[in-house]
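Below is one structure, written out as C-alpha cells, with a few remarks after it.
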Amino acid sequence: MLAIINGTLVTVSGPIIPNGTVIVDQGKIVAVGKNLPIPAKAEVVDATGKFVMPGIVEAHCHLGVMDFGVGEEDNHMDADGAPAGAGSFGPAVTPELMSYYAFNPRHIQLKQALAAGVTTILTRPGSGKIISGMGIITKTYGKSRKDMVMMNPAEVKMALGENPKRNFGSKKQSPSTRMGSGAILRDAFLKAKSYMAKREKDPETPINYQMEPLVKVLKGELKARIHAHRADDIMMALRAADEFGFQMSIEHASEAHIIAEEVRKRNIPCVLGPSMTRTKVETTRKDFAAAGILEKAGIKVCITTDAGVVPQEYLRTCVALSHRAGMSEDGAIRAMTLTSAEIIGVENRVGSLDVGKDADVLILDGHPLELLSQVEKVYVSGVLAFDIERDKEPWEKEGV
C-alpha cells in the first residue's frame with residue numbers, strides 16, 4: 001500500500017484538492033481526498049509543496065514500434081514517421097500488420113517518456129501507406145510486452161495527404177495523387193464490405209486476414225485513426241466515414257480548426273500536433289492556437305508529440321504552449337490526461353485520479369503547465385517506476 005499525502009491533487013475529473021491524499025493498494029487507487037485515515041501498512045510519501053496528478057496519456061506516437069534517424073537506409077524514417085529509405089515498403093493497404101509483434105518494450109524512448117511522466121501511449125506504424133496496420137495501447141513501464149500492453153489491437157491506422165502520395169509517387173506507384181489516395185481508401189472499404197457480406201451469408205467463406213481488421217472498423221469494433229493535416233484531406237476522411245459509417249479520429253488535424261463546424265457536427269475527436277514542427281507544405285498552417293479554437297467549438301481535442309517526431313519529453317511543453325495560445329487550463333490538463341484517454345478508449349483505467357483506476361501517479365515540483373516544473377516521481381500501477389533522486393545524475397536534476 002502507498003499513501004501520497006499533503007500534495008495539491010490535480011484530479012482532472014474533479015476539483016483540485018489542496019493538501020490532499022491519494023491511497024493506493026494492489027496497483028489501484030482506492031481513496032482520494034482530504035483528511036483521509038492512513039492505513040498502518042501504507043508506505044507514506046510526503047508531497048508537501050508538490051503537485052500530484054495522473055500519469056500523462058499520449059494518444060499518438062510510434063515509440064517501441066519504429067526507430068527514428070537510425071541511419072540505416074531502409075529503416076530510416078522521415079519527420080512524420082514515413083519510410084524515407086530507398087527500399088520498398090510494400091503495398092499501400094496492409095491493415096493486417098500488428099504493432100504488437102514489433103513492439104520493443106526495452107526501447108530507450110519508452111524510458112525517456114516515463115521520466116517525463118508519460119505512462120500510457122497509443123503506439124503504431126507510420127503514415128507512409130493509406131492503411132498501415134494496427135496500433136496498440138501500452139504502459140511505458142513493465143516487465144514484458146505482455147505485462148505492459150493494455151489493448152491489442154487498439155485501432156487501424158490510416159493516412160492521407162503528402163506522406164503516402166510522396167512515398168509511393170517517388171517509386172512511380174499509386175497513389176501518387178490525392179485522388180489516388182481517396183480511391184485506394186474507398187476501394188479497401190468496398191472490398192471489406194463485400195467480404196463482410198459474404199461471411200455473414202456463408203460462414204464457410206475462407207477468412208481473409210487482410211480484410212478482418214477493416215470489417216471490425218465497419219462494425220464499430222475498432223476505430224479508424226486517420227492521419228490528415230490539410231483541410232481537404234480531413235474532409236476526404238470525413239466523407240469516407242460518412243459513406244461507410246465507421247468511427248474515426250483525425251490524427252494531426254493541423255487545419256481542423258479551419259473547418260471546425262464540419263468536424264463538430266460529426267462529433268469527431270482530434271489528436272492535434274505536433275505543433276512544434278512544420279516539416280512540409282501541408283503543415284504550414286499549424287498553430288498552437290488551434291487547440292483552443294477546437295475546444296471552444298465543442299470538439300474533443302488532445303495534444304500529441306507524434307514521438308519520436310518531437311521527443312516525448314516535450315508533451316507537457318506542447319500543452320503549455322497551447323494553453324498560452326488560448327486553450328483553457330482545465331482543457332489543457334485534460335488534453336494530456338483524461339481527454340487523451342477518452343479518445344483512445346482507456347478512460348476507465350487511466351487519465352484521472354479516481355477510485356478504481358490504475359495507480360499511475362506523478363509528483364511534480366510545480367504546476368503541470370509551468371515549463372520549469374520537473375517530474376520528480378512516477379508511479380505506474382503503484383510501482384515507483386521513476387524517481388529523479390534515484391534515476392538521474394546530479395547535473396540532470398539541476399535543470400538549466
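The chains in the C-alpha cells are called A, B, ... from first to last as shown; in each chain the residues are counted from 1, and the ligands are counted from 1 in the order shown.
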Shell around Arg230 (chain A) at 7 Å using only C-alpha atoms, local window under 6 positions removed, as an MDAnalysis selection string: chainID A and resid 254:255 282
The selected residues should be written to file as a compact mmCIF listing (two decimals), in the first residue's frame (atoms: N, CA and C atoms).
# COMPACT_ATOMS: atom_id res chain seq x y z
N SER A 254 -3.94 19.46 -38.45
CA SER A 254 -3.30 20.78 -38.50
C SER A 254 -4.24 21.89 -38.94
N GLU A 255 -5.20 21.57 -39.83
CA GLU A 255 -6.14 22.59 -40.30
C GLU A 255 -7.58 22.29 -39.89
N GLU A 282 2.11 20.98 -46.22
CA GLU A 282 0.77 20.84 -45.67
C GLU A 282 0.70 21.16 -44.18
Selection near region 25-35 of chain A, 12 Å with only C-alpha atoms, sequence-local residues under 4 positions removed, as an MDAnalysis selection string: chainID A and resid 1:11 13:21 39 41:43 52:54 348:350 352:361 379:384
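You can rank A:Gln210, A:Met276, A:Asp287, A:Ala231 by their closest distance to Ala260 (chain A) using only C-alpha atoms, and at the top of that list sits A:Ala231.
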From A:Gly117, A:Pro125, A:Gly49, A:Gly331, residue lying nearest Met158 (chain A) [only C-alpha atoms]: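 Nearest to Met158 (chain A): A:Pro125.
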Residues near region 129-138 of chain A, cut-off 7 Å, only C-alpha atoms, skip fewer than 4 positions along chain, as a PyMOL selection string: chain A and resi 92-100+120-125+148-160+164+181+185
Could you pull out the helix (DSSP H, G or I) residues of region 53-293 of chain A, going by DSSP on the backbone, and write them as a PDB file with N, CA and C atoms, in the first residue's frame?
ATOM      1  N   SER A  99       1.211  -4.014 -34.678  1.00  0.00           N
ATOM      2  CA  SER A  99       2.310  -3.394 -33.939  1.00  0.00           C
ATOM      3  C   SER A  99       2.780  -4.251 -32.770  1.00  0.00           C
ATOM      4  N   TYR A 100       1.880  -5.029 -32.204  1.00  0.00           N
ATOM      5  CA  TYR A 100       2.200  -5.836 -31.027  1.00  0.00           C
ATOM      6  C   TYR A 100       3.439  -6.696 -31.257  1.00  0.00           C
ATOM      7  N   TYR A 101       3.539  -7.269 -32.447  1.00  0.00           N
ATOM      8  CA  TYR A 101       4.635  -8.195 -32.714  1.00  0.00           C
ATOM      9  C   TYR A 101       5.957  -7.485 -33.002  1.00  0.00           C
ATOM     10  N   ILE A 108      14.711   2.670 -25.674  1.00  0.00           N
ATOM     11  CA  ILE A 108      15.191   3.772 -24.834  1.00  0.00           C
ATOM     12  C   ILE A 108      14.180   4.912 -24.779  1.00  0.00           C
ATOM     13  N   GLN A 109      13.422   5.118 -25.872  1.00  0.00           N
ATOM     14  CA  GLN A 109      12.474   6.228 -25.862  1.00  0.00           C
ATOM     15  C   GLN A 109      11.314   5.996 -24.894  1.00  0.00           C
ATOM     16  N   LEU A 110      11.009   4.757 -24.588  1.00  0.00           N
ATOM     17  CA  LEU A 110       9.988   4.479 -23.576  1.00  0.00           C
ATOM     18  C   LEU A 110      10.467   4.935 -22.199  1.00  0.00           C
ATOM     19  N   LYS A 111      11.731   4.689 -21.938  1.00  0.00           N
ATOM     20  CA  LYS A 111      12.314   5.121 -20.662  1.00  0.00           C
ATOM     21  C   LYS A 111      12.332   6.648 -20.558  1.00  0.00           C
ATOM     22  N   GLN A 112      12.640   7.309 -21.668  1.00  0.00           N
ATOM     23  CA  GLN A 112      12.645   8.770 -21.688  1.00  0.00           C
ATOM     24  C   GLN A 112      11.236   9.327 -21.501  1.00  0.00           C
ATOM     25  N   ALA A 113      10.255   8.662 -22.114  1.00  0.00           N
ATOM     26  CA  ALA A 113       8.861   9.087 -21.942  1.00  0.00           C
ATOM     27  C   ALA A 113       8.425   8.943 -20.491  1.00  0.00           C
ATOM     28  N   LEU A 114       8.786   7.828 -19.887  1.00  0.00           N
ATOM     29  CA  LEU A 114       8.445   7.572 -18.491  1.00  0.00           C
ATOM     30  C   LEU A 114       8.992   8.659 -17.580  1.00  0.00           C
ATOM     31  N   ALA A 115      10.246   9.035 -17.785  1.00  0.00           N
ATOM     32  CA  ALA A 115      10.874  10.061 -16.948  1.00  0.00           C
ATOM     33  C   ALA A 115      10.184  11.414 -17.101  1.00  0.00           C
ATOM     34  N   ARG A 145       6.354  -7.256 -22.633  1.00  0.00           N
ATOM     35  CA  ARG A 145       5.313  -6.811 -23.547  1.00  0.00           C
ATOM     36  C   ARG A 145       3.931  -7.221 -23.033  1.00  0.00           C
ATOM     37  N   LYS A 146       3.817  -8.464 -22.586  1.00  0.00           N
ATOM     38  CA  LYS A 146       2.544  -8.965 -22.082  1.00  0.00           C
ATOM     39  C   LYS A 146       2.096  -8.182 -20.861  1.00  0.00           C
ATOM     40  N   ASP A 147       3.034  -7.791 -20.030  1.00  0.00           N
ATOM     41  CA  ASP A 147       2.747  -7.054 -18.811  1.00  0.00           C
ATOM     42  C   ASP A 147       2.326  -5.610 -19.109  1.00  0.00           C
ATOM     43  N   MET A 148       2.876  -5.022 -20.177  1.00  0.00           N
ATOM     44  CA  MET A 148       2.697  -3.603 -20.456  1.00  0.00           C
ATOM     45  C   MET A 148       1.476  -3.290 -21.328  1.00  0.00           C
ATOM     46  N   GLU A 162       0.284  14.178 -47.966  1.00  0.00           N
ATOM     47  CA  GLU A 162       1.608  14.135 -48.588  1.00  0.00           C
ATOM     48  C   GLU A 162       2.360  12.833 -48.354  1.00  0.00           C
ATOM     49  N   ASN A 163       2.220  12.240 -47.182  1.00  0.00           N
ATOM     50  CA  ASN A 163       3.075  11.080 -46.882  1.00  0.00           C
ATOM     51  C   ASN A 163       2.893   9.921 -47.853  1.00  0.00           C
ATOM     52  N   PRO A 164       1.699   9.328 -47.975  1.00  0.00           N
ATOM     53  CA  PRO A 164       1.561   8.240 -48.940  1.00  0.00           C
ATOM     54  C   PRO A 164       1.733   8.717 -50.375  1.00  0.00           C
ATOM     55  N   LYS A 165       1.239   9.904 -50.685  1.00  0.00           N
ATOM     56  CA  LYS A 165       1.363  10.439 -52.052  1.00  0.00           C
ATOM     57  C   LYS A 165       2.827  10.581 -52.457  1.00  0.00           C
ATOM     58  N   ARG A 166       3.631  11.125 -51.551  1.00  0.00           N
ATOM     59  CA  ARG A 166       5.046  11.342 -51.848  1.00  0.00           C
ATOM     60  C   ARG A 166       5.820  10.032 -51.893  1.00  0.00           C
ATOM     61  N   ASN A 167       5.545   9.172 -50.924  1.00  0.00           N
ATOM     62  CA  ASN A 167       6.338   7.946 -50.830  1.00  0.00           C
ATOM     63  C   ASN A 167       6.075   6.994 -51.986  1.00  0.00           C
ATOM     64  N   PHE A 168       4.807   6.802 -52.337  1.00  0.00           N
ATOM     65  CA  PHE A 168       4.525   5.917 -53.459  1.00  0.00           C
ATOM     66  C   PHE A 168       4.831   6.604 -54.794  1.00  0.00           C
ATOM     67  N   GLY A 169       4.566   7.911 -54.857  1.00  0.00           N
ATOM     68  CA  GLY A 169       4.862   8.652 -56.083  1.00  0.00           C
ATOM     69  C   GLY A 169       6.331   8.630 -56.429  1.00  0.00           C
ATOM     70  N   ARG A 178      -3.651  12.901 -54.560  1.00  0.00           N
ATOM     71  CA  ARG A 178      -4.703  12.834 -53.552  1.00  0.00           C
ATOM     72  C   ARG A 178      -5.923  12.080 -54.075  1.00  0.00           C
ATOM     73  N   MET A 179      -6.218  12.229 -55.360  1.00  0.00           N
ATOM     74  CA  MET A 179      -7.321  11.450 -55.929  1.00  0.00           C
ATOM     75  C   MET A 179      -7.041   9.958 -55.803  1.00  0.00           C
ATOM     76  N   GLY A 180      -5.786   9.575 -56.061  1.00  0.00           N
ATOM     77  CA  GLY A 180      -5.409   8.167 -55.944  1.00  0.00           C
ATOM     78  C   GLY A 180      -5.528   7.662 -54.521  1.00  0.00           C
ATOM     79  N   SER A 181      -5.157   8.503 -53.560  1.00  0.00           N
ATOM     80  CA  SER A 181      -5.262   8.111 -52.155  1.00  0.00           C
ATOM     81  C   SER A 181      -6.710   7.863 -51.769  1.00  0.00           C
ATOM     82  N   GLY A 182      -7.593   8.775 -52.180  1.00  0.00           N
ATOM     83  CA  GLY A 182      -9.007   8.610 -51.875  1.00  0.00           C
ATOM     84  C   GLY A 182      -9.589   7.364 -52.517  1.00  0.00           C
ATOM     85  N   ALA A 183      -9.176   7.094 -53.754  1.00  0.00           N
ATOM     86  CA  ALA A 183      -9.684   5.920 -54.461  1.00  0.00           C
ATOM     87  C   ALA A 183      -9.247   4.631 -53.774  1.00  0.00           C
ATOM     88  N   ILE A 184      -7.997   4.574 -53.327  1.00  0.00           N
ATOM     89  CA  ILE A 184      -7.485   3.362 -52.681  1.00  0.00           C
ATOM     90  C   ILE A 184      -8.162   3.149 -51.326  1.00  0.00           C
ATOM     91  N   LEU A 185      -8.407   4.243 -50.590  1.00  0.00           N
ATOM     92  CA  LEU A 185      -9.097   4.118 -49.303  1.00  0.00           C
ATOM     93  C   LEU A 185     -10.512   3.572 -49.509  1.00  0.00           C
ATOM     94  N   ARG A 186     -11.249   4.138 -50.469  1.00  0.00           N
ATOM     95  CA  ARG A 186     -12.609   3.671 -50.749  1.00  0.00           C
ATOM     96  C   ARG A 186     -12.608   2.225 -51.233  1.00  0.00           C
ATOM     97  N   ASP A 187     -11.668   1.900 -52.105  1.00  0.00           N
ATOM     98  CA  ASP A 187     -11.592   0.537 -52.636  1.00  0.00           C
ATOM     99  C   ASP A 187     -11.389  -0.482 -51.515  1.00  0.00           C
ATOM    100  N   ALA A 188     -10.555  -0.133 -50.548  1.00  0.00           N
ATOM    101  CA  ALA A 188     -10.304  -1.049 -49.433  1.00  0.00           C
ATOM    102  C   ALA A 188     -11.583  -1.295 -48.640  1.00  0.00           C
ATOM    103  N   PHE A 189     -12.353  -0.244 -48.386  1.00  0.00           N
ATOM    104  CA  PHE A 189     -13.587  -0.414 -47.621  1.00  0.00           C
ATOM    105  C   PHE A 189     -14.683  -1.098 -48.442  1.00  0.00           C
ATOM    106  N   LEU A 190     -14.721  -0.845 -49.738  1.00  0.00           N
ATOM    107  CA  LEU A 190     -15.681  -1.546 -50.588  1.00  0.00           C
ATOM    108  C   LEU A 190     -15.408  -3.052 -50.591  1.00  0.00           C
ATOM    109  N   LYS A 191     -14.133  -3.418 -50.688  1.00  0.00           N
ATOM    110  CA  LYS A 191     -13.756  -4.832 -50.634  1.00  0.00           C
ATOM    111  C   LYS A 191     -14.108  -5.438 -49.275  1.00  0.00           C
ATOM    112  N   ALA A 192     -13.842  -4.681 -48.201  1.00  0.00           N
ATOM    113  CA  ALA A 192     -14.150  -5.182 -46.858  1.00  0.00           C
ATOM    114  C   ALA A 192     -15.653  -5.355 -46.669  1.00  0.00           C
ATOM    115  N   LYS A 193     -16.436  -4.419 -47.209  1.00  0.00           N
ATOM    116  CA  LYS A 193     -17.891  -4.503 -47.106  1.00  0.00           C
ATOM    117  C   LYS A 193     -18.420  -5.734 -47.846  1.00  0.00           C
ATOM    118  N   SER A 194     -17.855  -5.979 -49.030  1.00  0.00           N
ATOM    119  CA  SER A 194     -18.255  -7.155 -49.812  1.00  0.00           C
ATOM    120  C   SER A 194     -17.875  -8.444 -49.094  1.00  0.00           C
ATOM    121  N   TYR A 195     -16.669  -8.484 -48.568  1.00  0.00           N
ATOM    122  CA  TYR A 195     -16.197  -9.661 -47.833  1.00  0.00           C
ATOM    123  C   TYR A 195     -17.064  -9.910 -46.597  1.00  0.00           C
ATOM    124  N   MET A 196     -17.408  -8.840 -45.876  1.00  0.00           N
ATOM    125  CA  MET A 196     -18.235  -8.963 -44.683  1.00  0.00           C
ATOM    126  C   MET A 196     -19.596  -9.559 -45.039  1.00  0.00           C
ATOM    127  N   ALA A 197     -20.173  -9.087 -46.134  1.00  0.00           N
ATOM    128  CA  ALA A 197     -21.476  -9.601 -46.559  1.00  0.00           C
ATOM    129  C   ALA A 197     -21.395 -11.087 -46.911  1.00  0.00           C
ATOM    130  N   LYS A 198     -20.328 -11.487 -47.585  1.00  0.00           N
ATOM    131  CA  LYS A 198     -20.147 -12.904 -47.942  1.00  0.00           C
ATOM    132  C   LYS A 198     -20.005 -13.766 -46.697  1.00  0.00           C
ATOM    133  N   ARG A 199     -19.242 -13.303 -45.727  1.00  0.00           N
ATOM    134  CA  ARG A 199     -19.040 -14.067 -44.498  1.00  0.00           C
ATOM    135  C   ARG A 199     -20.341 -14.198 -43.713  1.00  0.00           C
ATOM    136  N   GLU A 200     -21.136 -13.119 -43.704  1.00  0.00           N
ATOM    137  CA  GLU A 200     -22.405 -13.171 -42.982  1.00  0.00           C
ATOM    138  C   GLU A 200     -23.396 -14.117 -43.660  1.00  0.00           C
ATOM    139  N   LYS A 201     -23.361 -14.149 -44.984  1.00  0.00           N
ATOM    140  CA  LYS A 201     -24.251 -15.022 -45.736  1.00  0.00           C
ATOM    141  C   LYS A 201     -23.804 -16.473 -45.662  1.00  0.00           C
ATOM    142  N   GLU A 212     -10.173  -8.650 -42.305  1.00  0.00           N
ATOM    143  CA  GLU A 212     -10.775  -8.742 -40.978  1.00  0.00           C
ATOM    144  C   GLU A 212     -10.662  -7.446 -40.161  1.00  0.00           C
ATOM    145  N   PRO A 213      -9.489  -6.767 -40.130  1.00  0.00           N
ATOM    146  CA  PRO A 213      -9.434  -5.515 -39.360  1.00  0.00           C
ATOM    147  C   PRO A 213     -10.395  -4.451 -39.895  1.00  0.00           C
ATOM    148  N   LEU A 214     -10.559  -4.387 -41.208  1.00  0.00           N
ATOM    149  CA  LEU A 214     -11.470  -3.397 -41.780  1.00  0.00           C
ATOM    150  C   LEU A 214     -12.929  -3.752 -41.488  1.00  0.00           C
ATOM    151  N   VAL A 215     -13.230  -5.045 -41.421  1.00  0.00           N
ATOM    152  CA  VAL A 215     -14.572  -5.466 -41.009  1.00  0.00           C
ATOM    153  C   VAL A 215     -14.845  -5.001 -39.582  1.00  0.00           C
ATOM    154  N   LYS A 216     -13.847  -5.114 -38.715  1.00  0.00           N
ATOM    155  CA  LYS A 216     -14.010  -4.641 -37.334  1.00  0.00           C
ATOM    156  C   LYS A 216     -14.256  -3.134 -37.300  1.00  0.00           C
ATOM    157  N   VAL A 217     -13.611  -2.398 -38.209  1.00  0.00           N
ATOM    158  CA  VAL A 217     -13.867  -0.958 -38.303  1.00  0.00           C
ATOM    159  C   VAL A 217     -15.297  -0.712 -38.761  1.00  0.00           C
ATOM    160  N   LEU A 218     -15.747  -1.432 -39.786  1.00  0.00           N
ATOM    161  CA  LEU A 218     -17.113  -1.268 -40.293  1.00  0.00           C
ATOM    162  C   LEU A 218     -18.155  -1.612 -39.235  1.00  0.00           C
ATOM    163  N   ALA A 231      -6.980  20.734 -44.640  1.00  0.00           N
ATOM    164  CA  ALA A 231      -8.438  20.712 -44.528  1.00  0.00           C
ATOM    165  C   ALA A 231      -9.069  19.813 -45.577  1.00  0.00           C
ATOM    166  N   ASP A 232      -8.546  19.823 -46.821  1.00  0.00           N
ATOM    167  CA  ASP A 232      -9.151  18.984 -47.855  1.00  0.00           C
ATOM    168  C   ASP A 232      -8.911  17.500 -47.568  1.00  0.00           C
ATOM    169  N   ASP A 233      -7.762  17.163 -46.988  1.00  0.00           N
ATOM    170  CA  ASP A 233      -7.516  15.768 -46.614  1.00  0.00           C
ATOM    171  C   ASP A 233      -8.422  15.344 -45.460  1.00  0.00           C
ATOM    172  N   ILE A 234      -8.638  16.258 -44.520  1.00  0.00           N
ATOM    173  CA  ILE A 234      -9.554  15.965 -43.417  1.00  0.00           C
ATOM    174  C   ILE A 234     -10.955  15.718 -43.959  1.00  0.00           C
ATOM    175  N   MET A 235     -11.388  16.551 -44.903  1.00  0.00           N
ATOM    176  CA  MET A 235     -12.711  16.358 -45.492  1.00  0.00           C
ATOM    177  C   MET A 235     -12.799  15.034 -46.244  1.00  0.00           C
ATOM    178  N   MET A 236     -11.720  14.616 -46.886  1.00  0.00           N
ATOM    179  CA  MET A 236     -11.718  13.315 -47.565  1.00  0.00           C
ATOM    180  C   MET A 236     -11.958  12.196 -46.551  1.00  0.00           C
ATOM    181  N   ALA A 237     -11.313  12.292 -45.401  1.00  0.00           N
ATOM    182  CA  ALA A 237     -11.505  11.289 -44.351  1.00  0.00           C
ATOM    183  C   ALA A 237     -12.933  11.324 -43.819  1.00  0.00           C
ATOM    184  N   LEU A 238     -13.464  12.529 -43.607  1.00  0.00           N
ATOM    185  CA  LEU A 238     -14.826  12.657 -43.089  1.00  0.00           C
ATOM    186  C   LEU A 238     -15.849  12.095 -44.071  1.00  0.00           C
ATOM    187  N   ARG A 239     -15.627  12.332 -45.355  1.00  0.00           N
ATOM    188  CA  ARG A 239     -16.567  11.806 -46.360  1.00  0.00           C
ATOM    189  C   ARG A 239     -16.522  10.281 -46.405  1.00  0.00           C
ATOM    190  N   ALA A 240     -15.336   9.707 -46.235  1.00  0.00           N
ATOM    191  CA  ALA A 240     -15.234   8.243 -46.201  1.00  0.00           C
ATOM    192  C   ALA A 240     -16.006   7.687 -44.998  1.00  0.00           C
ATOM    193  N   ALA A 241     -15.870   8.352 -43.860  1.00  0.00           N
ATOM    194  CA  ALA A 241     -16.608   7.919 -42.671  1.00  0.00           C
ATOM    195  C   ALA A 241     -18.109   8.069 -42.876  1.00  0.00           C
ATOM    196  N   ASP A 242     -18.525   9.153 -43.550  1.00  0.00           N
ATOM    197  CA  ASP A 242     -19.940   9.336 -43.868  1.00  0.00           C
ATOM    198  C   ASP A 242     -20.445   8.196 -44.749  1.00  0.00           C
ATOM    199  N   GLU A 243     -19.663   7.850 -45.762  1.00  0.00           N
ATOM    200  CA  GLU A 243     -20.087   6.844 -46.735  1.00  0.00           C
ATOM    201  C   GLU A 243     -20.169   5.450 -46.128  1.00  0.00           C
ATOM    202  N   PHE A 244     -19.171   5.090 -45.331  1.00  0.00           N
ATOM    203  CA  PHE A 244     -19.087   3.708 -44.842  1.00  0.00           C
ATOM    204  C   PHE A 244     -19.532   3.549 -43.387  1.00  0.00           C
ATOM    205  N   ALA A 256      -7.760  21.442 -38.891  1.00  0.00           N
ATOM    206  CA  ALA A 256      -9.122  21.115 -38.452  1.00  0.00           C
ATOM    207  C   ALA A 256      -9.856  22.344 -37.940  1.00  0.00           C
ATOM    208  N   HIS A 257      -9.123  23.279 -37.350  1.00  0.00           N
ATOM    209  CA  HIS A 257      -9.778  24.482 -36.819  1.00  0.00           C
ATOM    210  C   HIS A 257     -10.374  25.347 -37.920  1.00  0.00           C
ATOM    211  N   ILE A 258      -9.892  25.167 -39.160  1.00  0.00           N
ATOM    212  CA  ILE A 258     -10.417  25.939 -40.291  1.00  0.00           C
ATOM    213  C   ILE A 258     -11.798  25.430 -40.695  1.00  0.00           C
ATOM    214  N   ILE A 259     -12.041  24.136 -40.478  1.00  0.00           N
ATOM    215  CA  ILE A 259     -13.332  23.522 -40.822  1.00  0.00           C
ATOM    216  C   ILE A 259     -13.974  22.947 -39.559  1.00  0.00           C
ATOM    217  N   ALA A 260     -13.882  23.685 -38.474  1.00  0.00           N
ATOM    218  CA  ALA A 260     -14.310  23.183 -37.169  1.00  0.00           C
ATOM    219  C   ALA A 260     -15.772  22.732 -37.176  1.00  0.00           C
ATOM    220  N   GLU A 261     -16.651  23.443 -37.873  1.00  0.00           N
ATOM    221  CA  GLU A 261     -18.063  23.082 -37.862  1.00  0.00           C
ATOM    222  C   GLU A 261     -18.293  21.715 -38.503  1.00  0.00           C
ATOM    223  N   GLU A 262     -17.546  21.405 -39.579  1.00  0.00           N
ATOM    224  CA  GLU A 262     -17.675  20.090 -40.216  1.00  0.00           C
ATOM    225  C   GLU A 262     -17.242  18.972 -39.270  1.00  0.00           C
ATOM    226  N   VAL A 263     -16.213  19.244 -38.490  1.00  0.00           N
ATOM    227  CA  VAL A 263     -15.715  18.255 -37.531  1.00  0.00           C
ATOM    228  C   VAL A 263     -16.691  18.119 -36.367  1.00  0.00           C
ATOM    229  N   ARG A 264     -17.170  19.260 -35.868  1.00  0.00           N
ATOM    230  CA  ARG A 264     -18.043  19.251 -34.691  1.00  0.00           C
ATOM    231  C   ARG A 264     -19.359  18.529 -34.957  1.00  0.00           C
ATOM    232  N   LYS A 265     -19.964  18.798 -36.101  1.00  0.00           N
ATOM    233  CA  LYS A 265     -21.295  18.227 -36.346  1.00  0.00           C
ATOM    234  C   LYS A 265     -21.248  16.708 -36.513  1.00  0.00           C
ATOM    235  N   VAL A 281       4.872  21.233 -46.696  1.00  0.00           N
ATOM    236  CA  VAL A 281       3.974  22.300 -47.113  1.00  0.00           C
ATOM    237  C   VAL A 281       2.604  22.191 -46.458  1.00  0.00           C
ATOM    238  N   GLU A 282       2.111  20.978 -46.217  1.00  0.00           N
ATOM    239  CA  GLU A 282       0.765  20.840 -45.666  1.00  0.00           C
ATOM    240  C   GLU A 282       0.702  21.161 -44.180  1.00  0.00           C
ATOM    241  N   THR A 283       1.843  21.444 -43.555  1.00  0.00           N
ATOM    242  CA  THR A 283       1.839  21.775 -42.128  1.00  0.00           C
ATOM    243  C   THR A 283       2.115  23.258 -41.874  1.00  0.00           C
ATOM    244  N   ALA A 290      -4.755  26.542 -32.377  1.00  0.00           N
ATOM    245  CA  ALA A 290      -5.766  25.619 -32.911  1.00  0.00           C
ATOM    246  C   ALA A 290      -6.465  24.836 -31.810  1.00  0.00           C
ATOM    247  N   ALA A 291      -5.728  24.448 -30.775  1.00  0.00           N
ATOM    248  CA  ALA A 291      -6.327  23.651 -29.696  1.00  0.00           C
ATOM    249  C   ALA A 291      -7.453  24.410 -29.019  1.00  0.00           C
ATOM    250  N   GLY A 292      -7.224  25.681 -28.711  1.00  0.00           N
ATOM    251  CA  GLY A 292      -8.251  26.491 -28.077  1.00  0.00           C
ATOM    252  C   GLY A 292      -9.443  26.731 -28.985  1.00  0.00           C
ATOM    253  N   ILE A 293      -9.187  26.907 -30.275  1.00  0.00           N
ATOM    254  CA  ILE A 293     -10.279  27.102 -31.236  1.00  0.00           C
ATOM    255  C   ILE A 293     -11.157  25.858 -31.291  1.00  0.00           C
TER     256      ILE A 293
END
